[in-house]
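Asks: Here it is, the structure, as structure tokens.
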Amino acid sequence: MQTLSHKVEHLYVHVPFCAEKCQYCAFYSKPDSLQKMNAYVDAVLLEFHRATETYELAPKTIFFGGGTPSLLPVDSMRRLLEAVGGRGSRRAVREFTIECNPATVTTEKARLYREFGVNRISLGVQSFDDAMLKSLGRIHTGQQVTKAYDILRAAGFDNINLDFIFGLPGQTLEHWQNTLRQAIALQPEHLSTYCLILEEDTPFWSLARQGRIKTNEDLELAIYESTIDTLEAAGYRQYEISNFAKPGRVCTHNIAYWEGKDYLGLGPSACSTIGNRRWQNISDADRYVESLVGRAVPARRPLLDTEEILTPELRLSERIAFGMRMNDGVPLELVRGRWDKEIAELLQTGLAKQSDGHLRPTRRGILFADEVAAEFV
């Protein structure tokens, strides 16, 4: 009888297809076609099957990200959900998230997700302003956000996240505050607010290099602080730099990343960290498919793009650096001894505090999270 090497409780599936590439996006994605989608599903199912022969897969959280997972047709998504979401007891999966673009949400798809135990939707809104959405390359309108939200609620979803981006070209503090008011009026259980990052090799990056887009750090900071105050006043607790939730509605899957838990990633460009090994699949859907389901076995290309062996010291260092992104911080027992000097400096500068056996970032520490994390890596 084969002994499986590790028990893995967190599963990520990367769906690389998008109807249109957003101007700011650096994640791997490509235009869709039904043929490529079907081939992609075949490959993911084979990768998943192979993983079950090596690891004990007992997911407590599953996350379908992208790309645009909700772009998959019903039949293709059903095949994925039957294999990945239907394995073992569904009651063991506490949180099952699918990312959706508002323009691709339908009643049929929403019912399918519910049928297979999906209990959390992350809706990529980014903005309610149609002109701003167009400039971002988004395929939905502000009106479609409300329509999609209503469809999801009618299907029975009681845990919905809305994603937004601030620091956008032409955005003012007043514009952002109006965005927050509209978001709060919908009463989602979770809100994610991300500052625009000009990623290399994106259209926005090119515009910035040409001087056609300029960042305003003072405005971004004012928007961020306003976000914290506004959402907390509306009953959303900030639990991580960019994430706010109503009581009991934090994203357990993402917390697993920040707490350094093992996770398995399936699909092109997906990352995995299990035990002392970390790897990333190739960021090319065609090559990914060929590596798994190519007809001529000798001609198959390698599935992995990168692979590394992690030392216990590196895993601990990453655990603390990512843990200090969260308002609850990290247990003091993890940092005492090795980082006493760094802890003293963080306490002295007001970037961290000690309470309830934890080292936690202060509000100022949250504002300067990168500087805090750098103390531990």
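Chain labels run A, B, ... following the order of the structure tokens; each chain numbers its residues from 1, and ligands are numbered from 1 in the order shown.
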To test your reading of the structure, identify every residue in range 93-334 of chain A that backbone DSSP assigns to strand (DSSP E), and report it as JSON, numbers by chain.
Replies: {"A": [95, 96, 97, 98, 99, 100, 120, 121, 122, 123, 124, 125, 126, 160, 161, 162, 163, 164, 165, 166, 190, 191, 192, 193, 194, 195, 237, 238, 239, 240, 243, 244, 245, 264, 265, 266, 271, 272, 273, 274, 277, 278, 279, 280, 281, 304, 305, 306, 307, 308, 309, 330, 331]}
Asks: Please provide the set of residues having any atom within 12 Å of range 115-120 of chain A, restricted to only C-alpha atoms, with same-chain residues fewer than 2 positions apart removed, written as a ChimeraX atom specification.
Replies: /A:61-64,74,77-87,89-100,108-113,122-123,152-153,155-162,188-190,249-253
Asks: Considering only C-alpha atoms, return as a list in words whatever protein or nucleic-acid residues lie within 8 Å of range 225-238 of chain A, sequence-local ones (same chain, fewer than 4 positions apart) excluded.
Replies: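 The filter keeps Gln177, Leu180, Ile184, His190, Leu221, Ser242, Asn243, Phe244, Ala245, Lys246, Pro247 and Asn327 of chain A.
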Asks: My list of candidates is A:Ala183, A:Ala369, A:Leu34, A:Leu351. Which is closest to Arg325 in chain A when distances are computed with only C-alpha atoms?
Replies: A:Ala369
Asks: Which is closer to Ala270 in chain A than all the others in A:Thr306, A:Gln187, A:Asn254, A:Thr141, using only C-alpha atoms?
Replies: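 Of all the options, A:Thr306 lies closest to Ala270 in chain A.
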Asks: At a cut-off of 6 Å, using only C-alpha atoms, what residues contact Thr68 in chain A? Leave out same-chain residues fewer than 3 positions from it and give the result as JSON, numbers by chain.
Replies: {"A": [17, 18, 71]}
Asks: So, counting only C-alpha atoms, which residue among A:Ala256, A:Leu367, A:Ser70, A:Leu346 is closest to Cys195 in chain A?
Replies: A:Leu367
Asks: If you run DSSP on the backbone, which residues of range 49-287 of chain A are alpha helix (DSSP H), as a PyMOL selection string?
Replies: chain A and resi 49-54+74-80+107-115+130-136+142-154+173-186+203-209+217-233+252-258+285-287
Asks: Go through A:Asp356, A:Gly350, A:Ala131, A:Leu136 and flag the residue nearest Phe368 in chain A, using only C-alpha atoms for the distances.
Replies: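 Nearest to Phe368 in chain A: A:Gly350.
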Asks: I'd like to know which of A:Trp176, A:Tyr257, A:Tyr288, A:Phe376 is closest to Asp340 in chain A, using only C-alpha atoms.
Replies: A:Phe376
Asks: Can you write out as a tab-separated table which residues of range 241-271 of chain A fall within 8 Å of range 308-319 of chain A, alongside each residue's closest atom pair and its distance in Å to one decimal, counting only C-alpha atoms and ordering rows by chain and ascending residue number?
Replies:
residue	atom	partner	partner_atom	distance
A:Trp258	CA	A:Arg319	CA	6.5
A:Glu259	CA	A:Arg319	CA	5.6
A:Gly260	CA	A:Arg319	CA	5.0
Asks: So, counting only C-alpha atoms, which residue among A:Lys134, A:His358, A:His140, A:Lys353 is closest to Val105 in chain A?
Replies: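 Under the stated criterion, the closest residue is A:His140.
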Asks: For Arg360 in chain A, find every residue with an atom within 8 Å (counting only C-alpha atoms), except residues of its own chain fewer than 6 positions away, and show them as an MDAnalysis selection string.
Replies: chainID A and resid 324 326:330 352:354
Asks: Would you mind exporting the chosen residues as a PDB file, in the first residue's frame, restricted to C-alpha atoms?
Replies:
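Ended up saving to selection_25.pdb:
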ATOM      1  CA  MET A 324       2.821  40.716   9.828  1.00  0.00           C
ATOM      2  CA  MET A 326      -2.330  40.678   9.131  1.00  0.00           C
ATOM      3  CA  ASN A 327      -3.718  42.757  11.982  1.00  0.00           C
ATOM      4  CA  ASP A 328      -3.428  39.763  14.320  1.00  0.00           C
ATOM      5  CA  GLY A 329       0.285  39.473  13.577  1.00  0.00           C
ATOM      6  CA  VAL A 330       2.264  36.383  14.590  1.00  0.00           C
ATOM      7  CA  ALA A 352       4.483  47.036  16.061  1.00  0.00           C
ATOM      8  CA  LYS A 353       3.072  46.213  19.466  1.00  0.00           C
ATOM      9  CA  GLN A 354       2.855  43.199  21.743  1.00  0.00           C
TER      10      GLN A 354
END
Asks: Report as a PyMOL selection string all protein, DNA and RNA residues lying within 10 Å of Ala43 in chain A, evaluated on only C-alpha atoms, omitting residues in the same chain fewer than 2 positions from it.
Replies: chain A and resi 37-41+45-49+266-268+285+288-294
Asks: Print the selection's residues with C-alpha atoms to a file, as a tab-separated table (two decimals), in the first residue's frame.
Replies:
chain	number	residue	atom	x	y	z
A	37	MET	CA	-10.90	25.40	-22.57
A	38	ASN	CA	-11.77	21.74	-23.00
A	39	ALA	CA	-8.11	20.81	-23.47
A	40	TYR	CA	-7.23	22.86	-20.38
A	41	VAL	CA	-9.83	21.01	-18.29
A	45	LEU	CA	-7.95	16.78	-14.27
A	46	LEU	CA	-4.88	14.74	-15.13
A	47	GLU	CA	-2.63	16.95	-12.98
A	48	PHE	CA	-5.13	16.61	-10.13
A	49	HIS	CA	-5.24	12.81	-10.51
A	266	LEU	CA	-3.18	23.31	-10.40
A	267	GLY	CA	-3.18	24.87	-13.86
A	268	PRO	CA	-0.74	26.97	-15.92
A	285	ALA	CA	-1.63	27.13	-21.39
A	288	TYR	CA	0.84	23.12	-20.00
A	289	VAL	CA	-1.69	21.02	-21.90
A	290	GLU	CA	1.01	19.43	-24.05
A	291	SER	CA	3.07	18.50	-21.00
A	292	LEU	CA	0.16	16.54	-19.56
A	293	VAL	CA	-1.94	15.21	-22.44
A	294	GLY	CA	0.42	15.34	-25.43
